[in-house]
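Enquirer: Contents of target32.tsv (TSV, C-alpha atoms and all ligand atoms) are below:
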chain	number	residue	atom	x	y	z
N	227	MET	CA	0.00	0.00	0.00
N	228	ASN	CA	1.33	3.42	-0.98
N	229	LEU	CA	1.17	6.38	1.36
N	230	HIS	CA	0.77	9.93	0.13
N	231	GLU	CA	3.52	12.46	0.64
N	232	TYR	CA	1.62	14.22	3.44
N	233	GLN	CA	0.97	10.92	5.21
N	234	THR	CA	4.57	9.82	4.81
N	235	LYS	CA	5.98	13.09	6.10
N	236	ALA	CA	3.68	13.03	9.15
N	237	ARG	CA	5.07	9.58	9.88
N	238	PHE	CA	8.63	10.82	9.31
N	239	ALA	CA	8.05	13.60	11.81
N	240	GLU	CA	7.04	11.05	14.45
N	241	TYR	CA	10.45	9.48	13.98
N	242	GLY	CA	12.37	12.73	14.28
N	243	ILE	CA	13.01	13.31	10.59
N	244	PRO	CA	12.84	17.08	9.94
N	245	ILE	CA	10.05	18.14	7.61
N	246	THR	CA	8.32	21.40	6.78
N	247	ARG	CA	5.06	21.50	8.64
N	248	GLY	CA	2.26	22.20	6.24
N	249	LYS	CA	-1.40	21.22	5.93
N	250	THR	CA	-3.59	19.75	3.25
N	251	ALA	CA	-6.66	21.19	1.56
N	252	THR	CA	-9.13	20.08	-1.08
N	253	THR	CA	-10.25	23.52	-2.30
N	254	PRO	CA	-8.41	26.67	-3.50
N	255	GLN	CA	-10.16	28.60	-0.70
N	256	GLY	CA	-8.72	26.12	1.83
N	257	VAL	CA	-5.28	26.63	0.31
N	258	TYR	CA	-5.66	30.39	0.68
N	259	GLU	CA	-6.46	29.99	4.41
N	260	ILE	CA	-3.46	27.75	5.02
N	261	ALA	CA	-1.13	30.03	3.08
N	262	ARG	CA	-2.30	33.01	5.12
N	263	GLU	CA	-1.83	31.10	8.34
N	264	LEU	CA	1.68	29.98	7.36
N	265	GLY	CA	2.70	33.42	6.11
N	266	GLY	CA	5.43	33.99	3.53
N	267	SER	CA	5.93	31.86	0.45
N	268	VAL	CA	4.40	28.43	0.19
N	269	VAL	CA	4.64	25.46	-2.11
N	270	VAL	CA	1.41	23.85	-3.29
N	271	LYS	CA	1.85	20.14	-4.01
N	272	ALA	CA	-0.54	17.70	-5.68
N	273	GLN	CA	-1.20	14.67	-3.48
N	274	VAL	CA	-1.49	11.79	-5.92
N	275	LEU	CA	0.17	8.41	-5.69
N	276	ALA	CA	2.59	9.02	-8.53
N	277	GLY	CA	6.13	10.26	-8.90
N	278	GLY	CA	7.22	13.13	-11.13
N	279	ARG	CA	4.52	15.50	-9.93
N	280	GLY	CA	6.95	18.39	-10.22
N	281	LYS	CA	7.58	17.73	-13.89
N	282	ALA	CA	3.85	17.37	-14.51
N	283	GLY	CA	3.14	20.84	-13.08
N	284	GLY	CA	1.76	19.53	-9.79
N	285	VAL	CA	4.27	21.36	-7.55
N	286	LYS	CA	4.25	25.16	-7.57
N	287	VAL	CA	5.71	27.86	-5.37
N	288	ALA	CA	3.50	30.87	-4.54
N	289	HIS	CA	4.53	34.05	-2.76
N	290	THR	CA	1.15	35.30	-1.52
N	291	PRO	CA	-2.04	33.61	-0.29
N	292	GLU	CA	-3.81	34.94	-3.43
N	293	ALA	CA	-1.18	33.40	-5.67
N	294	ALA	CA	-1.41	30.12	-3.71
N	295	GLU	CA	-5.17	30.06	-4.26
N	296	GLU	CA	-4.60	30.73	-7.95
N	297	VAL	CA	-2.10	27.88	-8.46
N	298	ALA	CA	-4.26	25.59	-6.32
N	299	SER	CA	-7.22	26.18	-8.63
N	300	LYS	CA	-5.05	24.86	-11.46
N	301	ILE	CA	-3.58	21.91	-9.56
N	302	ILE	CA	-6.79	20.66	-7.92
N	303	GLY	CA	-8.66	18.74	-10.58
N	304	MET	CA	-5.68	18.26	-12.89
N	305	THR	CA	-4.68	14.77	-13.99
N	306	ILE	CA	-1.23	13.36	-13.29
N	307	LYS	CA	-0.47	9.91	-14.70
N	308	ASN	CA	-4.19	9.16	-14.97
N	309	LEU	CA	-4.89	10.22	-11.39
N	310	ILE	CA	-7.13	13.18	-10.60
N	311	VAL	CA	-5.70	15.54	-7.99
N	312	ARG	CA	-8.24	15.91	-5.18
N	313	ARG	CA	-5.99	17.15	-2.42
N	314	VAL	CA	-2.95	19.38	-2.18
N	315	LEU	CA	-0.34	19.86	0.50
N	316	VAL	CA	0.55	23.43	1.35
N	317	ASP	CA	4.03	23.66	2.86
N	318	PRO	CA	6.19	26.64	3.76
N	319	ALA	CA	8.48	27.14	0.76
N	320	VAL	CA	12.12	26.30	1.21
N	321	ASN	CA	15.23	27.89	-0.27
N	322	ILE	CA	17.05	24.94	-1.73
N	323	ALA	CA	20.85	24.83	-1.97
N	324	SER	CA	21.10	21.19	-3.07
N	325	GLU	CA	18.98	18.06	-3.38
N	326	ILE	CA	19.94	14.57	-2.18
N	327	TYR	CA	18.26	11.20	-2.55
N	328	LEU	CA	17.94	8.91	0.48
N	329	GLY	CA	15.88	5.73	0.47
N	330	ILE	CA	15.48	2.18	1.75
N	331	VAL	CA	14.08	-0.83	-0.09
N	332	ASN	CA	13.90	-4.53	0.63
N	333	ASP	CA	16.70	-6.09	-1.38
N	334	ARG	CA	15.53	-9.56	-2.28
N	335	SER	CA	18.92	-10.82	-3.45
N	336	SER	CA	20.57	-10.19	-0.10
N	337	GLY	CA	17.39	-10.69	1.91
N	338	LYS	CA	18.06	-7.42	3.71
N	339	PRO	CA	16.95	-3.82	3.60
N	340	VAL	CA	19.38	-1.70	1.63
N	341	MET	CA	19.81	2.02	2.13
N	342	MET	CA	20.69	4.08	-0.92
N	343	ALA	CA	21.94	7.61	-1.15
N	344	SER	CA	22.78	9.79	-4.10
N	345	ALA	CA	23.89	13.35	-4.65
N	346	GLU	CA	21.59	13.32	-7.69
N	347	GLY	CA	18.41	14.01	-5.71
N	348	GLY	CA	15.16	15.48	-6.93
N	349	VAL	CA	14.88	13.36	-10.05
N	350	GLU	CA	13.37	9.88	-10.09
N	351	ILE	CA	15.92	7.43	-8.73
N	352	GLU	CA	15.09	4.88	-11.44
N	353	ILE	CA	16.48	7.35	-13.97
N	354	VAL	CA	19.70	7.80	-11.96
N	355	ALA	CA	19.99	4.02	-11.55
N	356	HIS	CA	19.66	3.63	-15.29
N	357	GLU	CA	21.86	6.46	-16.53
N	358	LYS	CA	24.44	6.86	-13.79
N	359	PRO	CA	24.39	3.78	-11.54
N	360	GLU	CA	27.74	4.73	-9.94
N	361	ALA	CA	26.04	7.81	-8.45
N	362	ILE	CA	24.05	5.61	-6.06
N	363	ILE	CA	25.83	4.49	-2.87
N	364	ARG	CA	24.40	1.46	-1.07
N	365	GLU	CA	24.60	-0.01	2.43
N	366	GLN	CA	22.99	-3.31	3.38
N	367	ILE	CA	21.34	-3.15	6.78
N	368	ASP	CA	21.24	-5.97	9.28
N	369	PRO	CA	17.60	-5.81	10.37
N	370	PHE	CA	18.51	-6.81	13.93
N	371	LEU	CA	21.23	-4.19	14.34
N	372	GLY	CA	19.61	-1.40	12.39
N	373	LEU	CA	21.63	1.16	10.47
N	374	LEU	CA	25.00	1.61	12.16
N	375	ASP	CA	26.66	5.02	12.39
N	376	TYR	CA	29.65	4.04	10.28
N	377	GLN	CA	27.26	2.99	7.50
N	378	ALA	CA	25.55	6.36	7.55
N	379	ARG	CA	29.01	7.99	7.39
N	380	ASN	CA	29.92	5.75	4.43
N	381	LEU	CA	26.85	7.02	2.63
N	382	ALA	CA	27.57	10.64	3.55
N	383	SER	CA	31.14	10.35	2.35
N	384	GLY	CA	30.10	8.43	-0.77
N	385	ILE	CA	27.87	11.28	-1.91
N	386	ASN	CA	30.45	13.94	-0.96
N	387	LEU	CA	28.18	15.48	1.64
N	388	PRO	CA	29.94	18.42	3.31
N	389	HIS	CA	31.27	17.30	6.67
N	390	GLU	CA	29.22	19.82	8.65
N	391	HIS	CA	26.05	17.90	7.70
N	392	TRP	CA	27.23	14.41	8.62
N	393	LYS	CA	25.80	14.45	12.11
N	394	ALA	CA	22.33	15.56	11.00
N	395	PHE	CA	22.47	13.16	8.04
N	396	THR	CA	23.35	10.22	10.30
N	397	LYS	CA	20.42	11.03	12.54
N	398	ILE	CA	18.01	11.25	9.59
N	399	ALA	CA	19.30	8.02	8.03
N	400	THR	CA	19.07	6.17	11.37
N	401	ASN	CA	15.55	7.45	11.98
N	402	LEU	CA	14.49	6.65	8.44
N	403	PHE	CA	15.44	3.03	9.03
N	404	LYS	CA	13.57	3.02	12.36
N	405	CYS	CA	10.50	4.44	10.64
N	406	TYR	CA	10.80	1.93	7.79
N	407	SER	CA	11.20	-1.01	10.12
N	408	ALA	CA	8.50	-0.03	12.62
N	409	SER	CA	6.03	0.63	9.77
N	410	ASP	CA	6.69	-2.74	8.07
N	411	ALA	CA	7.51	-0.76	4.95
N	412	VAL	CA	8.98	-2.25	1.81
N	413	LEU	CA	10.11	1.18	0.63
N	414	ALA	CA	10.76	4.48	2.37
N	415	GLU	CA	12.36	7.34	0.53
N	416	VAL	CA	13.15	10.99	0.90
N	417	ASN	CA	13.54	12.62	-2.49
N	418	PRO	CA	14.70	15.25	-2.25
N	419	LEU	CA	16.39	15.50	1.10
N	420	VAL	CA	17.52	19.09	0.75
N	421	ILE	CA	20.26	21.23	2.16
N	422	THR	CA	18.61	24.62	2.56
N	423	LYS	CA	20.34	27.93	1.97
N	424	GLU	CA	20.14	28.30	5.76
N	425	ASN	CA	22.23	25.11	5.99
N	426	GLN	CA	19.53	22.81	7.35
N	427	LEU	CA	18.72	19.28	6.19
N	428	LEU	CA	15.02	18.84	5.43
N	429	ALA	CA	12.90	16.02	4.01
N	430	LEU	CA	11.06	17.89	1.27
N	431	ASP	CA	9.29	14.92	-0.31
N	432	GLY	CA	8.54	11.49	1.12
N	433	LYS	CA	7.20	8.21	-0.13
N	434	MET	CA	6.43	5.00	1.73
N	435	VAL	CA	5.09	1.67	0.58
N	436	ILE	CA	3.74	-0.52	3.37
N	437	ASP	CA	3.72	-4.30	3.12
N	438	ASP	CA	0.04	-5.20	2.64
N	439	ASN	CA	0.54	-8.38	4.62
N	440	ALA	CA	1.54	-6.39	7.70
N	441	LEU	CA	-1.38	-3.96	7.62
N	442	PHE	CA	-3.33	-6.02	10.14
N	443	ARG	CA	-0.96	-4.73	12.80
N	444	HIS	CA	-0.97	-1.13	11.58
N	445	ILE	CA	-4.60	-0.12	11.76
N	446	ASP	CA	-3.60	3.55	11.66
N	447	LEU	CA	-1.71	3.04	8.40
N	448	ALA	CA	-4.38	0.77	6.89
N	449	ASP	CA	-6.88	3.61	7.43
N	450	MET	CA	-4.78	5.87	5.21
N	451	ARG	CA	-5.41	3.81	2.09
N	452	ASP	CA	-6.40	5.84	-0.95
N	453	THR	CA	-8.42	3.59	-3.21
N	454	ASP	CA	-8.38	6.20	-6.00
N	455	ALA	CA	-5.11	4.90	-7.38
N	456	GLU	CA	-6.06	1.25	-7.63
N	457	PRO	CA	-8.40	-0.51	-10.07
N	458	ILE	CA	-11.97	-0.52	-8.72
N	459	GLU	CA	-12.00	-4.32	-8.89
N	460	GLU	CA	-9.18	-4.51	-6.35
N	461	THR	CA	-11.12	-2.35	-3.92
N	462	GLN	CA	-14.23	-4.51	-4.32
N	463	ALA	CA	-12.18	-7.69	-3.90
N	464	ARG	CA	-10.63	-6.45	-0.67
N	465	ALA	CA	-14.10	-5.70	0.70
N	466	ALA	CA	-15.18	-9.27	-0.17
N	467	GLY	CA	-12.09	-10.78	1.45
N	468	ILE	CA	-10.64	-11.93	-1.86
N	469	THR	CA	-7.07	-11.32	-2.99
N	470	TYR	CA	-7.25	-9.97	-6.53
N	471	VAL	CA	-4.65	-8.33	-8.73
N	472	LYS	CA	-5.69	-7.11	-12.15
N	473	LEU	CA	-3.44	-8.09	-15.06
N	474	ASN	CA	-3.62	-7.53	-18.80
N	475	GLY	CA	-4.52	-10.96	-20.24
N	476	GLN	CA	-7.79	-12.53	-21.35
N	477	ILE	CA	-8.25	-15.55	-19.07
N	478	GLY	CA	-10.01	-14.84	-15.80
N	479	CYS	CA	-8.54	-17.11	-13.13
N	480	MET	CA	-10.54	-18.21	-10.09
N	481	VAL	CA	-8.36	-20.27	-7.81
N	482	ASN	CA	-8.11	-21.28	-4.17
N	483	GLY	CA	-4.65	-20.78	-2.71
N	484	ALA	CA	-1.98	-18.27	-3.72
N	485	GLY	CA	0.53	-20.85	-4.93
N	486	LEU	CA	-2.06	-22.63	-7.03
N	487	ALA	CA	-3.19	-19.28	-8.41
N	488	MET	CA	0.37	-18.48	-9.52
N	489	THR	CA	0.69	-21.90	-11.14
N	490	THR	CA	-2.61	-21.43	-12.93
N	491	MET	CA	-1.46	-18.10	-14.31
N	492	ASP	CA	1.80	-19.68	-15.48
N	493	MET	CA	-0.11	-22.46	-17.23
N	494	THR	CA	-2.34	-20.03	-19.14
N	495	LYS	CA	0.80	-18.20	-20.26
N	496	LEU	CA	2.56	-21.45	-21.16
N	497	TYR	CA	-0.22	-22.48	-23.53
N	498	GLY	CA	-1.32	-18.96	-24.43
N	499	GLY	CA	2.06	-17.87	-25.79
N	500	GLU	CA	2.65	-14.23	-26.63
N	501	SER	CA	-0.93	-13.14	-27.19
N	502	ILE	CA	-2.96	-14.92	-24.48
N	503	GLY	CA	-2.42	-14.87	-20.74
N	504	PRO	CA	-3.99	-14.42	-17.31
N	505	ALA	CA	-6.40	-11.52	-16.79
N	506	ASN	CA	-5.85	-11.57	-13.06
N	507	PHE	CA	-4.42	-13.18	-9.99
N	508	LEU	CA	-7.25	-14.27	-7.71
N	509	ASP	CA	-7.11	-16.26	-4.52
N	510	ILE	CA	-10.58	-16.97	-3.24
N	511	GLY	CA	-9.18	-18.31	0.03
N	512	GLY	CA	-10.63	-21.15	2.05
N	513	GLY	CA	-14.26	-22.23	2.03
N	514	ALA	CA	-16.53	-22.06	-0.97
N	515	GLN	CA	-19.53	-20.02	0.02
N	516	ALA	CA	-21.56	-19.27	-3.09
N	517	SER	CA	-21.66	-15.60	-2.14
N	518	LYS	CA	-17.88	-15.35	-2.21
N	519	VAL	CA	-17.59	-17.26	-5.49
N	520	ALA	CA	-20.28	-15.00	-6.95
N	521	ALA	CA	-18.44	-11.88	-5.75
N	522	ALA	CA	-15.21	-13.18	-7.29
N	523	LEU	CA	-16.95	-14.03	-10.54
N	524	ARG	CA	-18.51	-10.58	-10.76
N	525	ILE	CA	-15.11	-8.99	-10.25
N	526	ILE	CA	-13.47	-11.21	-12.87
N	527	LEU	CA	-16.22	-10.57	-15.42
N	528	SER	CA	-16.24	-6.82	-14.88
N	529	ASP	CA	-12.92	-6.77	-16.74
N	530	PRO	CA	-13.82	-6.27	-20.43
N	531	ASN	CA	-10.62	-8.07	-21.52
N	532	VAL	CA	-11.82	-11.37	-20.05
N	533	LYS	CA	-12.68	-13.82	-22.83
N	534	SER	CA	-12.74	-17.06	-20.83
N	535	VAL	CA	-12.69	-18.12	-17.19
N	536	LEU	CA	-10.64	-20.87	-15.64
N	537	PHE	CA	-11.68	-22.30	-12.27
N	538	ASN	CA	-8.91	-24.27	-10.67
N	539	ILE	CA	-9.95	-25.62	-7.29
N	540	PHE	CA	-8.12	-28.00	-5.05
N	541	GLY	CA	-10.42	-29.52	-2.46
N	542	GLY	CA	-8.78	-29.96	0.91
N	543	ILE	CA	-10.78	-29.21	4.01
N	544	THR	CA	-13.29	-27.65	1.64
N	545	ARG	CA	-14.76	-30.58	-0.29
N	546	GLY	CA	-15.07	-30.63	-4.08
N	547	ASP	CA	-18.84	-31.15	-4.02
N	548	GLU	CA	-19.29	-28.09	-1.78
N	549	VAL	CA	-17.19	-26.06	-4.18
N	550	ALA	CA	-19.20	-27.31	-7.14
N	551	ARG	CA	-22.45	-26.34	-5.43
N	552	GLY	CA	-21.02	-22.91	-4.61
N	553	ILE	CA	-19.96	-22.36	-8.21
N	554	LEU	CA	-23.30	-23.51	-9.63
N	555	GLN	CA	-25.18	-21.24	-7.26
N	556	ALA	CA	-22.90	-18.36	-8.17
N	557	LEU	CA	-23.49	-19.01	-11.88
N	558	ASP	CA	-27.19	-18.80	-11.15
N	559	GLU	CA	-26.66	-15.36	-9.67
N	560	VAL	CA	-24.14	-14.03	-12.18
N	561	LYS	CA	-25.36	-14.55	-15.72
N	562	THR	CA	-22.71	-14.75	-18.40
N	563	ASN	CA	-22.08	-16.31	-21.81
N	564	ILE	CA	-18.31	-16.30	-21.45
N	565	PRO	CA	-16.85	-19.80	-21.83
N	566	MET	CA	-15.68	-21.35	-18.58
N	567	VAL	CA	-13.53	-24.32	-17.75
N	568	ILE	CA	-13.38	-25.98	-14.38
N	569	ARG	CA	-10.77	-28.29	-12.99
N	570	LEU	CA	-11.57	-29.80	-9.61
N	571	ALA	CA	-9.06	-31.94	-7.74
N	572	GLY	CA	-8.59	-33.27	-4.22
N	573	THR	CA	-11.23	-34.27	-1.69
N	574	ASN	CA	-14.55	-35.29	-3.29
N	575	ALA	CA	-13.43	-34.01	-6.70
N	576	GLU	CA	-15.30	-36.77	-8.49
N	577	GLU	CA	-18.56	-35.93	-6.69
N	578	GLY	CA	-18.02	-32.30	-7.63
N	579	ARG	CA	-17.50	-33.14	-11.29
N	580	VAL	CA	-20.68	-35.20	-11.35
N	581	LEU	CA	-22.61	-32.20	-10.01
N	582	ILE	CA	-21.07	-29.84	-12.58
N	583	ASP	CA	-21.77	-32.23	-15.48
N	584	ALA	CA	-25.33	-32.87	-14.31
N	585	ALA	CA	-26.08	-29.15	-14.18
N	586	LYS	CA	-25.38	-28.92	-17.93
N	587	VAL	CA	-24.42	-25.26	-17.87
N	588	PRO	CA	-23.94	-24.64	-21.60
N	589	ASN	CA	-20.84	-22.47	-21.29
N	590	LEU	CA	-19.14	-24.50	-18.54
N	591	VAL	CA	-16.97	-27.53	-19.29
N	592	SER	CA	-14.91	-29.56	-16.88
N	593	ALA	CA	-11.36	-30.76	-17.36
N	594	ALA	CA	-9.58	-33.66	-15.69
N	595	THR	CA	-6.18	-32.03	-15.38
N	596	LEU	CA	-4.79	-28.53	-15.10
N	597	THR	CA	-3.03	-28.97	-18.44
N	598	GLU	CA	-6.28	-29.83	-20.14
N	599	ALA	CA	-8.09	-26.99	-18.37
N	600	ALA	CA	-5.45	-24.41	-19.31
N	601	LYS	CA	-5.46	-25.54	-22.95
N	602	LYS	CA	-9.26	-25.33	-23.11
N	603	ALA	CA	-9.33	-21.88	-21.52
N	604	VAL	CA	-6.67	-20.65	-23.98
N	605	GLU	CA	-8.55	-22.12	-26.91
N	606	ALA	CA	-11.79	-20.44	-25.82
N	607	ALA	CA	-10.06	-17.09	-25.34
N	608	ARG	CA	-8.31	-17.38	-28.70
N	609	GLY	CA	-11.63	-18.16	-30.40
N	610	ALA	CA	-13.12	-14.99	-28.93
N	611	ILE	CA	-10.50	-12.47	-30.02
X	1	LIG	P1	7.90	14.92	-7.20
X	1	LIG	O1	8.21	15.61	-8.48
X	1	LIG	O2	6.58	14.19	-7.28
X	1	LIG	O3	8.99	14.02	-6.74
X	1	LIG	O4	7.68	16.06	-6.09
X	1	LIG	P2	8.73	16.76	-5.09
X	1	LIG	O5	8.06	17.01	-3.82
X	1	LIG	O6	10.00	15.99	-5.01
X	1	LIG	O7	8.99	18.15	-5.77
X	1	LIG	C1	9.64	18.26	-7.02
X	1	LIG	C2	10.64	19.39	-6.99
X	1	LIG	O8	10.00	20.61	-6.68
X	1	LIG	C3	11.71	19.25	-5.93
X	1	LIG	O9	12.76	18.40	-6.35
X	1	LIG	C4	12.17	20.68	-5.77
X	1	LIG	O10	13.14	20.99	-6.74
X	1	LIG	C5	10.92	21.47	-6.05
X	1	LIG	N1	10.35	21.95	-4.76
X	1	LIG	C6	9.55	21.28	-3.89
X	1	LIG	N2	9.30	22.02	-2.79
X	1	LIG	C7	9.97	23.18	-2.96
X	1	LIG	C8	10.14	24.37	-2.17
X	1	LIG	O11	9.64	24.51	-1.06
X	1	LIG	N3	10.92	25.36	-2.68
X	1	LIG	C9	11.52	25.25	-3.91
X	1	LIG	N4	12.26	26.25	-4.34
X	1	LIG	N5	11.40	24.16	-4.66
X	1	LIG	C10	10.64	23.14	-4.21
X	2	MN	MN	10.21	13.86	-5.18
For the file at hand, write its structure as structure tokens.
Expert:
Amino acid sequence: MNLHEYQTKARFAEYGIPITRGKTATTPQGVYEIARELGGSVVVKAQVLAGGRGKAGGVKVAHTPEAAEEVASKIIGMTIKNLIVRRVLVDPAVNIASEIYLGIVNDRSSGKPVMMASAEGGVEIEIVAHEKPEAIIREQIDPFLGLLDYQARNLASGINLPHEHWKAFTKIATNLFKCYSASDAVLAEVNPLVITKENQLLALDGKMVIDDNALFRHIDLADMRDTDAEPIEETQARAAGITYVKLNGQIGCMVNGAGLAMTTMDMTKLYGGESIGPANFLDIGGGAQASKVAAALRIILSDPNVKSVLFNIFGGITRGDEVARGILQALDEVKTNIPMVIRLAGTNAEEGRVLIDAAKVPNLVSAATLTEAAKKAVEAARGAI
């Protein structure tokens, strides 16, 4: 889950990372009030879950409350990377001397968090990584020890940070790791971390991505979710207790178990080749209540790219005949002509297949193996496009 800049910076402040203290508003009038309250120049910043807002015209400095209201009226309602700006952050403007990048991500190859710093701050780090990889200095962090002072100094020296800022930098880097770790984040970055003309270090922009699987123990963070930036189907799926990720293929996959869902997607790609593939990842979880199957089916079918549906269900504690009944009941509720293939395996699979065959749903065929099911689903999708 991505946090907005204003949410991230509020979190940073709790961990002692220096930020400019602004406020958010959803109307130009609200921006005017905040700007008047803050006094002096302000920066008005679009709060959308996308990078490169500056380049897109979503970050503007204004010297009077009237000017702030004026720029806000342009920023609120504008579209940045397909996202409509509904809220802006109004921060006291800062006189920037230089911009640094500082961030932490989970590094899968080492199985550790890695902190990265670069003197090339302000621009998207992916661009720096691509064009000038030597400009990024890295330190692997032992999660049990946290970031050690010498590591922060290595980073500071690696980016040629003037010595007078090393102490403040070390504190910010240490606190950024604490914030990252305590928030169960998979990414935390400050870009830019600026040196002001008054010689202060300040986190001017912040971004955090929280591990969705840890949100159950961060109710406060979970409440910050902005569903604007995700496909509507994913929001509906979460409400129904289904794990769903929209993809770009044509075969809707309805599977129980995450591993089996991944395998199912791989199989559709294996037989689908370049042009046909999975339309989604979907793990319906345990149980087979018709209501949940129906909710999942509705979500799958709401994707106009879907040309066939593949059910791949492994009966364990949930028996195959229960699943079959759930699916049949769901098909009663959700009318569709899209071809569907079902592969049932495990406990009471045979009983389940008998039920499916007896129901004689015209657009539903069963398959004995996953290979057969995947081939049939691919064939049906190919026939439809
Ligand atoms: P992003 O483009 O989405 O990453 O948004 P940022 O918050 O990083 O802002 C983009 C750029 O706007 C920064 O790199 C700065 O150069 C500039 N900027 C942001 N806030 C201020 C400010 O208070 N004063 C000045 N002069 N520039 C700012
Ligand atoms: Mn930025």
Enquirer: Give me the residues of chain N that have any atom at most 6 Å from an atom of ligand LIG 1 (chain X); for each, the nearest atom pair and the distance in Å, rounded to one decimal. Use only C-alpha atoms and all ligand atoms, sort by chain and number, and format it as a tab-separated table.
Expert:
residue	atom	partner	partner_atom	distance
N:Val269	CA	X:LIG1	O11	5.2
N:Gly277	CA	X:LIG1	O2	4.3
N:Gly278	CA	X:LIG1	O1	3.8
N:Arg279	CA	X:LIG1	O2	3.6
N:Gly280	CA	X:LIG1	O1	3.5
N:Lys281	CA	X:LIG1	O1	5.8
N:Val285	CA	X:LIG1	O8	5.8
N:Ala319	CA	X:LIG1	O11	3.4
N:Val320	CA	X:LIG1	O11	3.8
N:Asn321	CA	X:LIG1	N4	5.3
N:Ile322	CA	X:LIG1	N4	5.6
N:Gly348	CA	X:LIG1	O9	3.8
N:Asn417	CA	X:LIG1	O6	5.5
N:Pro418	CA	X:LIG1	O6	5.5
N:Leu430	CA	X:LIG1	O5	6.0
N:Asp431	CA	X:LIG1	O5	4.3
Enquirer: Okay, now the selection with C-alpha atoms, as a compact mmCIF listing (two decimals), keeping the file's coordinate frame?
Expert:
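New file out04.txt:
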# COMPACT_ATOMS: atom_id res chain seq x y z
CA VAL N 269 4.64 25.46 -2.11
CA GLY N 277 6.13 10.26 -8.90
CA GLY N 278 7.22 13.13 -11.13
CA ARG N 279 4.52 15.50 -9.93
CA GLY N 280 6.95 18.39 -10.22
CA LYS N 281 7.58 17.73 -13.89
CA VAL N 285 4.27 21.36 -7.55
CA ALA N 319 8.48 27.14 0.76
CA VAL N 320 12.12 26.30 1.21
CA ASN N 321 15.23 27.89 -0.27
CA ILE N 322 17.05 24.94 -1.73
CA GLY N 348 15.16 15.48 -6.93
CA ASN N 417 13.54 12.62 -2.49
CA PRO N 418 14.70 15.25 -2.25
CA LEU N 430 11.06 17.89 1.27
CA ASP N 431 9.29 14.92 -0.31
Enquirer: Could you work out how far atom CA of Lys533 of chain N lies from atom CA of Ala466 of chain N, giving the answer in Å with one decimal?
Expert: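 Between atom CA of Ala466 of chain N and atom CA of Lys533 of chain N the gap is 23.2 Å.
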Enquirer: Residues of segment 339-449 of chain N that approach segment 227-251 of chain N to 12 Å or less, counting only C-alpha atoms: could you list each one with the shortest pair of atoms and its distance in Å to one decimal, rows by chain and increasing residue number, as CSV?
Expert:
residue,atom,partner,partner_atom,distance
N:Ala394,CA,N:Ile243,CA,9.6
N:Phe395,CA,N:Ile243,CA,9.8
N:Thr396,CA,N:Ile243,CA,10.8
N:Lys397,CA,N:Ile243,CA,8.0
N:Ile398,CA,N:Ile243,CA,5.5
N:Ala399,CA,N:Ile243,CA,8.6
N:Thr400,CA,N:Ile243,CA,9.4
N:Asn401,CA,N:Tyr241,CA,5.8
N:Leu402,CA,N:Ile243,CA,7.2
N:Phe403,CA,N:Tyr241,CA,9.5
N:Lys404,CA,N:Tyr241,CA,7.4
N:Cys405,CA,N:Tyr241,CA,6.0
N:Tyr406,CA,N:Phe238,CA,9.3
N:Ser407,CA,N:Tyr241,CA,11.2
N:Ala408,CA,N:Tyr241,CA,9.8
N:Ser409,CA,N:Arg237,CA,9.0
N:Asp410,CA,N:Met227,CA,10.8
N:Ala411,CA,N:Met227,CA,9.0
N:Val412,CA,N:Met227,CA,9.4
N:Leu413,CA,N:Asn228,CA,9.2
N:Ala414,CA,N:Thr234,CA,8.5
N:Glu415,CA,N:Thr234,CA,9.2
N:Val416,CA,N:Lys235,CA,9.1
N:Asn417,CA,N:Glu231,CA,10.5
N:Pro418,CA,N:Ile245,CA,11.3
N:Leu419,CA,N:Ile245,CA,9.5
N:Val420,CA,N:Ile245,CA,10.2
N:Ile421,CA,N:Pro244,CA,11.5
N:Thr422,CA,N:Thr246,CA,11.6
N:Gln426,CA,N:Pro244,CA,9.2
N:Leu427,CA,N:Pro244,CA,7.3
N:Leu428,CA,N:Pro244,CA,5.3
N:Ala429,CA,N:Ile245,CA,5.1
N:Leu430,CA,N:Ile245,CA,6.4
N:Asp431,CA,N:Glu231,CA,6.3
N:Gly432,CA,N:Glu231,CA,5.1
N:Lys433,CA,N:Glu231,CA,5.7
N:Met434,CA,N:Leu229,CA,5.5
N:Val435,CA,N:Asn228,CA,4.4
N:Ile436,CA,N:Met227,CA,5.1
N:Asp437,CA,N:Met227,CA,6.5
N:Asp438,CA,N:Met227,CA,5.8
N:Asn439,CA,N:Met227,CA,9.6
N:Ala440,CA,N:Met227,CA,10.1
N:Leu441,CA,N:Met227,CA,8.7
N:His444,CA,N:Met227,CA,11.7
N:Asp446,CA,N:Arg237,CA,10.7
N:Leu447,CA,N:Leu229,CA,8.3
N:Ala448,CA,N:Met227,CA,8.2
N:Asp449,CA,N:Leu229,CA,10.5
Enquirer: Would you mind listing what lies within 9 Å of Phe507 of chain N as a count of residues only, with only C-alpha atoms counted and same-chain residues fewer than 3 positions away left out?
Expert: 15
Enquirer: Go through N:Leu554, N:Leu387, N:Ala276, N:Ala345 one by one, measure the shortest atom-to-atom distance of each to ligand MN 2 (chain X) using only C-alpha atoms and all ligand atoms, and give the residue with the smallest value.
Expert: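 Closest candidate: N:Ala276.
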Enquirer: So, counting all atoms listed in the file, which residue among N:Val270, N:Val580, N:Met341, N:Ala288 is closest to Val311 of chain N?
Expert: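 Of N:Val270, N:Val580, N:Met341, N:Ala288, the one nearest Val311 of chain N, counting all atoms listed in the file, is N:Val270.
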Enquirer: As a list of chain:residue names, please: the residues near Ala455 of chain N (cut-off 8 Å, all atoms listed in the file, same-chain neighbours under 6 positions excluded).
Expert: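 Residues meeting the cut-off are N:Val274, N:Leu275, N:Leu309.
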